[in-house]
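A.B. asks: Here you go, this is work_25.pdb (PDB, C-alpha atoms).
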```
ATOM      1  CA  MET A   8      64.458  63.410   9.410
ATOM      2  CA  PRO A   9      66.816  64.331  12.283
ATOM      3  CA  ARG A  10      66.786  62.331  15.504
ATOM      4  CA  LEU A  11      64.972  64.041  18.386
ATOM      5  CA  HIS A  12      65.395  63.392  22.090
ATOM      6  CA  LEU A  13      62.041  64.002  23.808
ATOM      7  CA  HIS A  14      62.170  64.313  27.598
ATOM      8  CA  LEU A  15      58.922  63.776  29.526
ATOM      9  CA  LEU A  16      58.928  65.002  33.139
ATOM     10  CA  SER A  17      56.006  64.462  35.493
ATOM     11  CA  ASP A  18      55.477  64.834  39.228
ATOM     12  CA  SER A  19      53.068  61.878  39.151
ATOM     13  CA  THR A  20      52.905  58.604  37.203
ATOM     14  CA  GLY A  21      53.342  60.405  33.884
ATOM     15  CA  GLU A  22      50.531  58.466  32.256
ATOM     16  CA  THR A  23      48.775  61.613  31.035
ATOM     17  CA  LEU A  24      52.001  63.093  29.692
ATOM     18  CA  GLU A  25      52.888  59.902  27.847
ATOM     19  CA  MET A  26      49.450  59.766  26.240
ATOM     20  CA  LEU A  27      49.676  63.394  25.109
ATOM     21  CA  ALA A  28      53.158  62.872  23.682
ATOM     22  CA  LYS A  29      52.077  59.702  21.895
ATOM     23  CA  ALA A  30      49.048  61.444  20.385
ATOM     24  CA  ALA A  31      51.170  64.352  19.167
ATOM     25  CA  LEU A  32      53.921  62.122  17.751
ATOM     26  CA  ALA A  33      51.358  60.094  15.804
ATOM     27  CA  GLN A  34      51.009  63.100  13.497
ATOM     28  CA  PHE A  35      54.640  62.834  12.379
ATOM     29  CA  GLU A  36      55.164  59.757  10.255
ATOM     30  CA  GLY A  37      58.686  58.372  10.143
ATOM     31  CA  ALA A  38      60.024  60.692  12.836
ATOM     32  CA  GLU A  39      62.938  59.237  14.804
ATOM     33  CA  VAL A  40      62.177  60.178  18.377
ATOM     34  CA  ILE A  41      63.921  58.824  21.452
ATOM     35  CA  ARG A  42      61.688  59.249  24.473
ATOM     36  CA  HIS A  43      63.157  59.712  27.948
ATOM     37  CA  PHE A  44      60.563  59.227  30.678
ATOM     38  CA  TRP A  45      61.040  60.858  34.088
ATOM     39  CA  PRO A  46      58.062  60.252  36.444
ATOM     40  CA  MET A  47      57.593  61.220  40.114
ATOM     41  CA  VAL A  48      59.772  64.346  39.929
ATOM     42  CA  ARG A  49      58.918  65.951  43.260
ATOM     43  CA  SER A  50      62.149  67.472  44.522
ATOM     44  CA  GLN A  51      64.722  69.883  43.169
ATOM     45  CA  GLN A  52      67.462  67.355  43.940
ATOM     46  CA  HIS A  53      65.738  64.784  41.751
ATOM     47  CA  LEU A  54      65.293  67.385  39.025
ATOM     48  CA  ASP A  55      68.978  68.322  39.153
ATOM     49  CA  ARG A  56      69.965  64.683  38.575
ATOM     50  CA  ILE A  57      67.593  64.482  35.608
ATOM     51  CA  MET A  58      68.963  67.705  34.125
ATOM     52  CA  ARG A  59      72.403  66.111  33.869
ATOM     53  CA  GLU A  60      70.860  63.400  31.691
ATOM     54  CA  ILE A  61      68.980  65.990  29.629
ATOM     55  CA  ALA A  62      72.197  67.980  29.114
ATOM     56  CA  ALA A  63      73.855  64.799  27.812
ATOM     57  CA  ASN A  64      70.955  64.184  25.405
ATOM     58  CA  PRO A  65      69.603  67.652  24.545
ATOM     59  CA  GLY A  66      66.238  67.910  22.870
ATOM     60  CA  LEU A  67      62.633  68.922  23.515
ATOM     61  CA  VAL A  68      61.260  68.927  27.057
ATOM     62  CA  PHE A  69      57.584  68.318  27.891
ATOM     63  CA  TYR A  70      56.470  68.542  31.499
ATOM     64  CA  THR A  71      53.501  68.315  33.845
ATOM     65  CA  LEU A  72      54.746  69.750  37.151
ATOM     66  CA  VAL A  73      52.479  71.617  39.560
ATOM     67  CA  ASN A  74      55.030  72.791  42.132
ATOM     68  CA  SER A  75      55.992  76.338  41.191
ATOM     69  CA  ASP A  76      59.564  76.069  42.502
ATOM     70  CA  THR A  77      60.255  72.864  40.590
ATOM     71  CA  ARG A  78      58.732  74.328  37.430
ATOM     72  CA  ALA A  79      60.824  77.485  37.719
ATOM     73  CA  ARG A  80      63.997  75.482  38.269
ATOM     74  CA  LEU A  81      63.295  73.263  35.248
ATOM     75  CA  GLU A  82      62.615  76.262  33.015
ATOM     76  CA  GLU A  83      65.765  77.996  34.239
ATOM     77  CA  HIS A  84      67.877  74.909  33.495
ATOM     78  CA  CYS A  85      66.340  74.632  30.009
ATOM     79  CA  ARG A  86      66.988  78.305  29.268
ATOM     80  CA  THR A  87      70.619  77.844  30.286
ATOM     81  CA  LEU A  88      70.934  74.862  27.957
ATOM     82  CA  GLY A  89      69.001  76.593  25.185
ATOM     83  CA  LEU A  90      66.359  73.860  25.104
ATOM     84  CA  PRO A  91      62.649  74.353  24.319
ATOM     85  CA  VAL A  92      60.400  73.457  27.257
ATOM     86  CA  VAL A  93      56.621  72.961  27.050
ATOM     87  CA  PRO A  94      54.137  72.849  29.995
ATOM     88  CA  VAL A  95      51.672  70.668  28.104
ATOM     89  CA  LEU A  96      48.655  71.052  30.419
ATOM     90  CA  ASP A  97      48.906  74.779  31.142
ATOM     91  CA  ALA A  98      46.546  75.935  28.382
ATOM     92  CA  ALA A  99      43.805  73.556  29.546
ATOM     93  CA  VAL A 100      44.267  74.451  33.229
ATOM     94  CA  HIS A 101      44.222  78.199  32.524
ATOM     95  CA  ALA A 102      41.056  77.861  30.418
ATOM     96  CA  LEU A 103      39.327  75.908  33.209
ATOM     97  CA  GLU A 104      40.500  78.422  35.794
ATOM     98  CA  ALA A 105      38.897  81.242  33.818
ATOM     99  CA  ALA A 106      35.693  79.322  33.123
ATOM    100  CA  LEU A 107      35.231  78.024  36.682
ATOM    101  CA  GLY A 108      36.500  81.064  38.526
ATOM    102  CA  GLN A 109      38.661  78.870  40.760
ATOM    103  CA  ILE A 110      42.372  78.689  41.447
ATOM    104  CA  PRO A 111      43.696  75.173  40.703
ATOM    105  CA  ARG A 112      45.093  73.169  43.605
ATOM    106  CA  ALA A 113      48.771  72.480  42.996
ATOM    107  CA  ARG A 114      48.765  68.864  44.147
ATOM    108  CA  PRO A 115      50.646  66.240  42.140
ATOM    109  CA  GLY A 116      48.725  63.165  41.014
ATOM    110  CA  ARG A 117      45.251  64.321  42.032
ATOM    111  CA  GLN A 118      43.762  62.395  39.099
ATOM    112  CA  HIS A 119      45.111  59.202  40.694
ATOM    113  CA  ALA A 120      43.546  59.800  44.110
ATOM    114  CA  MET A 121      42.095  56.705  45.805
ATOM    115  CA  ASP A 122      38.567  58.076  45.910
ATOM    116  CA  ASP A 123      35.208  56.448  45.233
ATOM    117  CA  ALA A 124      35.809  56.565  41.486
ATOM    118  CA  TYR A 125      39.129  54.759  41.931
ATOM    119  CA  PHE A 126      37.564  51.920  43.901
ATOM    120  CA  ALA A 127      34.724  51.728  41.380
ATOM    121  CA  ARG A 128      37.311  51.126  38.644
ATOM    122  CA  VAL A 129      38.971  48.426  40.733
ATOM    123  CA  ASP A 130      35.587  46.791  41.254
ATOM    124  CA  ALA A 131      34.893  46.982  37.512
ATOM    125  CA  VAL A 132      38.186  45.271  36.690
ATOM    126  CA  HIS A 133      37.500  42.483  39.198
ATOM    127  CA  TYR A 134      34.015  41.948  37.784
ATOM    128  CA  THR A 135      35.247  41.923  34.200
ATOM    129  CA  ILE A 136      38.023  39.413  34.835
ATOM    130  CA  ALA A 137      35.546  37.133  36.624
ATOM    131  CA  HIS A 138      33.086  37.316  33.709
ATOM    132  CA  ASP A 139      35.369  36.667  30.761
ATOM    133  CA  ASP A 140      34.508  34.233  27.977
ATOM    134  CA  GLY A 141      30.968  33.449  29.101
ATOM    135  CA  VAL A 142      31.779  32.767  32.759
ATOM    136  CA  GLY A 143      29.372  33.862  35.496
ATOM    137  CA  TRP A 144      26.301  34.380  33.335
ATOM    138  CA  GLU A 145      24.100  34.101  36.441
ATOM    139  CA  ASP A 146      24.918  37.692  37.439
ATOM    140  CA  TRP A 147      25.302  39.361  34.049
ATOM    141  CA  GLU A 148      22.486  41.676  35.133
ATOM    142  CA  GLU A 149      25.081  43.474  37.281
ATOM    143  CA  ALA A 150      27.138  44.354  34.198
ATOM    144  CA  ASP A 151      27.073  47.711  32.476
ATOM    145  CA  ILE A 152      27.978  46.175  29.116
ATOM    146  CA  VAL A 153      27.940  42.663  27.676
ATOM    147  CA  LEU A 154      30.072  42.049  24.585
ATOM    148  CA  ALA A 155      29.169  39.180  22.259
ATOM    149  CA  GLY A 156      31.174  37.937  19.295
ATOM    150  CA  VAL A 157      32.853  34.967  17.698
ATOM    151  CA  SER A 158      36.227  33.753  18.899
ATOM    152  CA  ARG A 159      39.119  36.233  18.432
ATOM    153  CA  SER A 160      36.908  39.251  17.780
ATOM    154  CA  SER A 161      38.698  41.324  20.474
ATOM    155  CA  LYS A 162      36.120  40.727  23.210
ATOM    156  CA  THR A 163      38.545  40.228  26.095
ATOM    157  CA  PRO A 164      40.990  43.103  25.442
ATOM    158  CA  THR A 165      38.096  45.467  24.768
ATOM    159  CA  SER A 166      36.407  44.338  27.985
ATOM    160  CA  ILE A 167      39.553  44.924  30.034
ATOM    161  CA  TYR A 168      40.081  48.370  28.505
ATOM    162  CA  LEU A 169      36.474  49.341  29.296
ATOM    163  CA  ALA A 170      36.870  48.001  32.836
ATOM    164  CA  GLN A 171      39.847  50.281  33.358
ATOM    165  CA  ARG A 172      37.544  53.124  32.389
ATOM    166  CA  GLY A 173      35.142  52.026  35.150
ATOM    167  CA  TYR A 174      32.612  49.881  33.246
ATOM    168  CA  LYS A 175      31.636  46.425  34.439
ATOM    169  CA  VAL A 176      31.840  44.242  31.347
ATOM    170  CA  ALA A 177      30.997  40.611  30.679
ATOM    171  CA  ASN A 178      31.710  38.922  27.386
ATOM    172  CA  ILE A 179      30.533  35.749  25.690
ATOM    173  CA  PRO A 180      31.756  33.869  22.622
ATOM    174  CA  ILE A 181      29.153  33.159  19.952
ATOM    175  CA  VAL A 182      29.560  29.540  18.899
ATOM    176  CA  VAL A 183      27.283  27.958  16.299
ATOM    177  CA  GLU A 184      27.258  24.562  18.019
ATOM    178  CA  SER A 185      26.764  25.966  21.536
ATOM    179  CA  PRO A 186      23.973  28.532  21.966
ATOM    180  CA  PRO A 187      24.432  31.148  24.698
ATOM    181  CA  PRO A 188      22.508  30.849  27.966
ATOM    182  CA  PRO A 189      18.898  32.105  27.784
ATOM    183  CA  ALA A 190      19.795  34.795  30.341
ATOM    184  CA  LEU A 191      21.541  36.739  27.573
ATOM    185  CA  TYR A 192      18.226  37.492  25.880
ATOM    186  CA  GLY A 193      16.464  38.770  28.994
ATOM    187  CA  LEU A 194      18.974  41.283  30.313
ATOM    188  CA  LYS A 195      17.438  44.584  31.455
ATOM    189  CA  HIS A 196      20.295  46.707  32.823
ATOM    190  CA  PRO A 197      23.332  45.947  30.600
ATOM    191  CA  LEU A 198      23.805  47.111  27.057
ATOM    192  CA  VAL A 199      24.543  44.102  24.844
ATOM    193  CA  VAL A 200      26.909  44.946  21.974
ATOM    194  CA  GLY A 201      27.873  42.620  19.151
ATOM    195  CA  LEU A 202      31.441  42.651  17.850
ATOM    196  CA  THR A 203      32.111  41.613  14.288
ATOM    197  CA  THR A 204      35.046  41.715  11.889
ATOM    198  CA  ALA A 205      36.001  40.942   8.317
ATOM    199  CA  PRO A 206      36.302  37.186   7.695
ATOM    200  CA  GLU A 207      39.717  37.489   6.036
ATOM    201  CA  ARG A 208      41.059  39.415   9.008
ATOM    202  CA  LEU A 209      39.563  36.918  11.448
ATOM    203  CA  VAL A 210      41.165  33.978   9.640
ATOM    204  CA  GLN A 211      44.565  35.685   9.840
ATOM    205  CA  VAL A 212      44.186  36.490  13.539
ATOM    206  CA  ARG A 213      43.138  32.927  14.329
ATOM    207  CA  ARG A 214      45.967  31.451  12.272
ATOM    208  CA  ASN A 215      48.491  33.615  14.111
ATOM    209  CA  ARG A 216      46.990  32.521  17.408
ATOM    210  CA  LEU A 217      47.385  28.840  16.498
ATOM    211  CA  LEU A 218      50.996  29.392  15.473
ATOM    212  CA  THR A 219      51.687  31.168  18.764
ATOM    213  CA  LEU A 220      50.290  28.164  20.645
ATOM    214  CA  GLY A 221      52.364  25.772  18.520
ATOM    215  CA  GLN A 222      49.277  24.166  16.998
ATOM    216  CA  ALA A 223      48.580  23.188  13.393
ATOM    217  CA  PRO A 224      47.706  26.388  11.495
ATOM    218  CA  GLU A 225      45.258  24.650   9.151
ATOM    219  CA  THR A 226      42.151  23.456  10.977
ATOM    220  CA  ALA A 227      38.404  24.009  10.813
ATOM    221  CA  TYR A 228      39.020  26.960  13.161
ATOM    222  CA  VAL A 229      40.575  28.889  10.269
ATOM    223  CA  ASP A 230      38.588  27.427   7.387
ATOM    224  CA  GLN A 231      37.266  30.347   5.326
ATOM    225  CA  ASP A 232      33.801  28.882   4.730
ATOM    226  CA  ARG A 233      33.388  27.973   8.384
ATOM    227  CA  VAL A 234      34.501  31.434   9.503
ATOM    228  CA  ASN A 235      32.023  33.038   7.090
ATOM    229  CA  ALA A 236      29.254  30.874   8.532
ATOM    230  CA  GLU A 237      30.202  31.792  12.105
ATOM    231  CA  LEU A 238      30.135  35.496  11.356
ATOM    232  CA  GLN A 239      26.815  35.233   9.519
ATOM    233  CA  PHE A 240      25.347  33.304  12.456
ATOM    234  CA  ALA A 241      26.530  35.983  14.906
ATOM    235  CA  ARG A 242      25.268  38.878  12.772
ATOM    236  CA  ARG A 243      21.860  37.206  12.464
ATOM    237  CA  MET A 244      21.717  36.846  16.261
ATOM    238  CA  PHE A 245      22.635  40.503  16.753
ATOM    239  CA  ALA A 246      19.994  41.645  14.261
ATOM    240  CA  ASP A 247      17.269  39.359  15.650
ATOM    241  CA  ASN A 248      17.781  40.824  19.125
ATOM    242  CA  GLY A 249      18.243  44.430  18.059
ATOM    243  CA  TRP A 250      21.740  44.649  19.554
ATOM    244  CA  PRO A 251      24.039  47.378  18.215
ATOM    245  CA  VAL A 252      27.081  46.103  16.336
ATOM    246  CA  ILE A 253      30.668  47.375  16.240
ATOM    247  CA  ASP A 254      32.923  46.302  13.364
ATOM    248  CA  VAL A 255      36.423  46.003  14.840
ATOM    249  CA  THR A 256      38.193  45.208  11.563
ATOM    250  CA  ARG A 257      39.924  48.566  11.258
ATOM    251  CA  ARG A 258      39.456  49.792  14.815
ATOM    252  CA  SER A 259      42.017  49.727  17.579
ATOM    253  CA  ILE A 260      40.882  48.554  21.014
ATOM    254  CA  GLU A 261      40.687  52.188  22.108
ATOM    255  CA  GLU A 262      38.565  53.170  19.096
ATOM    256  CA  ALA A 263      36.200  50.223  19.549
ATOM    257  CA  ALA A 264      35.846  51.053  23.247
ATOM    258  CA  ALA A 265      35.088  54.705  22.471
ATOM    259  CA  ALA A 266      32.311  53.639  20.089
ATOM    260  CA  ILE A 267      30.904  51.281  22.727
ATOM    261  CA  ILE A 268      30.960  54.014  25.374
ATOM    262  CA  ASN A 269      28.986  56.283  23.034
ATOM    263  CA  LEU A 270      26.411  53.534  22.569
ATOM    264  CA  TYR A 271      26.276  52.968  26.329
ATOM    265  CA  ASN A 272      25.690  56.661  27.020
ATOM    266  CA  GLU A 273      22.846  56.690  24.497
ATOM    267  CA  HIS A 274      21.459  53.510  26.078
ATOM    268  CA  ARG A 275      21.496  55.000  29.582
ATOM    269  CA  ALA A 276      20.243  58.493  28.704
ATOM    270  CA  PRO A 277      16.494  57.688  28.496
ATOM    271  CA  LYS A 278      16.633  55.737  31.774
ATOM    272  CA  GLU A 279      18.454  58.496  33.647
ATOM    273  CA  GLY A 280      16.197  61.186  32.204
ATOM    274  CA  GLY A 281      12.975  59.322  32.822
ATOM    275  CA  PRO A 282      10.312  58.396  30.255
ATOM    276  CA  THR A 283      10.612  59.990  26.831
TER
END
```
Translate the structure described by the file into structure tokens.
C.D. replies:
Amino acid sequence: MPRLHLHLLSDSTGETLEMLAKAALAQFEGAEVIRHFWPMVRSQQHLDRIMREIAANPGLVFYTLVNSDTRARLEEHCRTLGLPVVPVLDAAVHALEAALGQIPRARPGRQHAMDDAYFARVDAVHYTIAHDDGVGWEDWEEADIVLAGVSRSSKTPTSIYLAQRGYKVANIPIVVESPPPPALYGLKHPLVVGLTTAPERLVQVRRNRLLTLGQAPETAYVDQDRVNAELQFARRMFADNGWPVIDVTRRSIEEAAAAIINLYNEHRAPKEGGPT
């Protein structure tokens, strides 16, 4: 396949644009794409400097720019160079404009405004970091979600990802020789979710972790029979307490988090709607 230069221009952080480009590129296996990232494009002078780089590496241009003058200048430059240019959010904005009967406010970076939701996410991240790996069980009742699972079952990265979405998350390792604090079984507000994985995958992850730390790769920590017993112990605990379970074997962190959010929404719905 030919090499493609993909230029991403945004008047804000460019996070949304990068995610959209990544999602679209995932549909093209083996494509050789060189991404050029241009965030915070808020002046025509800045745009003109970028256009010199685009002219030197011509390709496809994606943009999320709200200023009409900057947009027009970019499109004019691209027409002159004969380059395709795509306003990736326009279709969604136009559909919302029609449905809501409102004219969109052309303000860059509005999704990153430091509003109440922003500070709630910051608070969630602080809480989650302070309640990693079983720490701070005394105030788990403040959590939205508690993740339980054996060592290396993706509890911490999943917790951090959920926290960035605004959920307060605590997590606790399930260890056969060390039962969790009794508080875990009496939680009223949080949704407790068990994380599990295939034993073969868990052994490989643990072995890689030991190698990274420079430790012996063959210990009881990676013994197949012991790992099987740990997972069986955890699954029995989840079942005994009626906790929903997510198998993370073939799920990315994002996919596991999406499944957990669905469970959380179902968990909260009866409480928010009153008795059912």
A.B. asks: On this file, the PyMOL selection byres ((chain A and resi 181) around 6) gives some set of residues; write that set as a list in words.
C.D. replies: Gly156, Val157, Pro180 and Val182 of chain A
A.B. asks: Of the residues A:Leu238, A:Thr87, A:Ile267, A:Pro189, which is the one nearest to Val176 (chain A), using all atoms listed in the file?
C.D. replies: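 Answer, going by the shortest atom-to-atom distance: A:Ile267.
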A.B. asks: Could you tell me how far CA of Thr163 (chain A) sits from CA of His138 (chain A), in Å to one decimal place?
C.D. replies: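 One can read the CA of His138 (chain A) to CA of Thr163 (chain A) distance as 9.8 Å.
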A.B. asks: Name the residues, using the chain letters and numbers of the file, that sit within 12 Å of (71.3, 74.5, 26.6) when counting only C-alpha atoms, and give them as a PDB file with C-alpha atoms, keeping the file's coordinate frame.
C.D. replies:
```pdb
ATOM      1  CA  MET A  58      68.963  67.705  34.125  1.00  0.00           C
ATOM      2  CA  ARG A  59      72.403  66.111  33.869  1.00  0.00           C
ATOM      3  CA  ILE A  61      68.980  65.990  29.629  1.00  0.00           C
ATOM      4  CA  ALA A  62      72.197  67.980  29.114  1.00  0.00           C
ATOM      5  CA  ALA A  63      73.855  64.799  27.812  1.00  0.00           C
ATOM      6  CA  ASN A  64      70.955  64.184  25.405  1.00  0.00           C
ATOM      7  CA  PRO A  65      69.603  67.652  24.545  1.00  0.00           C
ATOM      8  CA  GLY A  66      66.238  67.910  22.870  1.00  0.00           C
ATOM      9  CA  LEU A  67      62.633  68.922  23.515  1.00  0.00           C
ATOM     10  CA  VAL A  68      61.260  68.927  27.057  1.00  0.00           C
ATOM     11  CA  LEU A  81      63.295  73.263  35.248  1.00  0.00           C
ATOM     12  CA  GLU A  82      62.615  76.262  33.015  1.00  0.00           C
ATOM     13  CA  GLU A  83      65.765  77.996  34.239  1.00  0.00           C
ATOM     14  CA  HIS A  84      67.877  74.909  33.495  1.00  0.00           C
ATOM     15  CA  CYS A  85      66.340  74.632  30.009  1.00  0.00           C
ATOM     16  CA  ARG A  86      66.988  78.305  29.268  1.00  0.00           C
ATOM     17  CA  THR A  87      70.619  77.844  30.286  1.00  0.00           C
ATOM     18  CA  LEU A  88      70.934  74.862  27.957  1.00  0.00           C
ATOM     19  CA  GLY A  89      69.001  76.593  25.185  1.00  0.00           C
ATOM     20  CA  LEU A  90      66.359  73.860  25.104  1.00  0.00           C
ATOM     21  CA  PRO A  91      62.649  74.353  24.319  1.00  0.00           C
ATOM     22  CA  VAL A  92      60.400  73.457  27.257  1.00  0.00           C
TER      23      VAL A  92
END
```
A.B. asks: Give me, please, the distance in Å between CA of Thr71 (chain A) and CA of Ala38 (chain A), quoted to one decimal.
C.D. replies: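 Spanning CA of Thr71 (chain A) to CA of Ala38 (chain A) is a straight-line distance of 23.3 Å.
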A.B. asks: Contacts of Ala190 (chain A) at 12 Å or less, counting all atoms listed in the file, minus same-chain residues fewer than 5 places along, as a PyMOL selection string?
C.D. replies: chain A and resi 141+143-148+153+179+195+197+199
A.B. asks: Counting only C-alpha atoms, which residue out of A:Arg258, A:Arg78, A:Arg172, A:Arg208 sits closest to Val234 (chain A)?
C.D. replies: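 Closest candidate: A:Arg208.
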A.B. asks: Which residues of region 59-126 of chain A come within 8 Å of region 24-34 of chain A, and for each one, what is the closest pair of atoms and their distance in Å to one decimal, counting all atoms listed in the file, sorted by chain and residue number, as CSV?
C.D. replies:
```
residue,atom,partner,partner_atom,distance
A:Phe69,CA,A:Leu24,CA,7.9
A:Tyr70,CA,A:Leu24,CA,7.3
A:Thr71,CA,A:Leu24,CA,6.8
A:Val95,CA,A:Leu24,CA,7.7
```
A.B. asks: Is it possible to add N, CA, C and O atoms to region 49-64 of chain A and hand it back as a short mmCIF file (atom, residue, chain, number, x, y, z; two decimals), in the coordinates of the input?
C.D. replies:
```cif
data_model
loop_
_atom_site.label_atom_id
_atom_site.label_comp_id
_atom_site.auth_asym_id
_atom_site.auth_seq_id
_atom_site.Cartn_x
_atom_site.Cartn_y
_atom_site.Cartn_z
N ARG A 49 59.56 65.16 42.20
CA ARG A 49 58.92 65.95 43.26
C ARG A 49 59.91 66.69 44.15
O ARG A 49 59.53 67.23 45.19
N SER A 50 61.17 66.72 43.76
CA SER A 50 62.15 67.47 44.52
C SER A 50 63.14 68.11 43.57
O SER A 50 63.36 67.61 42.45
N GLN A 51 63.74 69.21 44.00
CA GLN A 51 64.72 69.88 43.17
C GLN A 51 65.99 69.04 43.02
O GLN A 51 66.66 69.08 41.98
N GLN A 52 66.31 68.23 44.04
CA GLN A 52 67.46 67.36 43.94
C GLN A 52 67.26 66.30 42.84
O GLN A 52 68.17 66.02 42.05
N HIS A 53 66.06 65.75 42.80
CA HIS A 53 65.74 64.78 41.75
C HIS A 53 65.81 65.45 40.38
O HIS A 53 66.37 64.89 39.42
N LEU A 54 65.27 66.65 40.29
CA LEU A 54 65.29 67.39 39.02
C LEU A 54 66.73 67.66 38.57
O LEU A 54 67.06 67.52 37.38
N ASP A 55 67.59 68.02 39.52
CA ASP A 55 68.98 68.32 39.15
C ASP A 55 69.67 67.10 38.57
O ASP A 55 70.46 67.21 37.62
N ARG A 56 69.37 65.90 39.12
CA ARG A 56 69.96 64.68 38.58
C ARG A 56 69.47 64.43 37.15
O ARG A 56 70.23 64.03 36.27
N ILE A 57 68.17 64.68 36.94
CA ILE A 57 67.59 64.48 35.61
C ILE A 57 68.20 65.47 34.61
O ILE A 57 68.48 65.11 33.46
N MET A 58 68.44 66.69 35.04
CA MET A 58 68.96 67.70 34.12
C MET A 58 70.33 67.33 33.59
O MET A 58 70.70 67.70 32.46
N ARG A 59 71.11 66.57 34.38
CA ARG A 59 72.40 66.11 33.87
C ARG A 59 72.20 65.16 32.70
O ARG A 59 72.96 65.18 31.72
N GLU A 60 71.17 64.32 32.79
CA GLU A 60 70.86 63.40 31.69
C GLU A 60 70.32 64.17 30.48
O GLU A 60 70.64 63.84 29.33
N ILE A 61 69.52 65.18 30.73
CA ILE A 61 68.98 65.99 29.63
C ILE A 61 70.11 66.75 28.93
O ILE A 61 70.13 66.85 27.71
N ALA A 62 71.06 67.27 29.71
CA ALA A 62 72.20 67.98 29.11
C ALA A 62 73.02 67.05 28.23
O ALA A 62 73.57 67.49 27.20
N ALA A 63 73.09 65.76 28.61
CA ALA A 63 73.86 64.80 27.81
C ALA A 63 73.10 64.39 26.55
O ALA A 63 73.72 63.93 25.58
N ASN A 64 71.79 64.53 26.57
CA ASN A 64 70.96 64.18 25.40
C ASN A 64 69.97 65.33 25.15
O ASN A 64 68.77 65.19 25.37
#
```
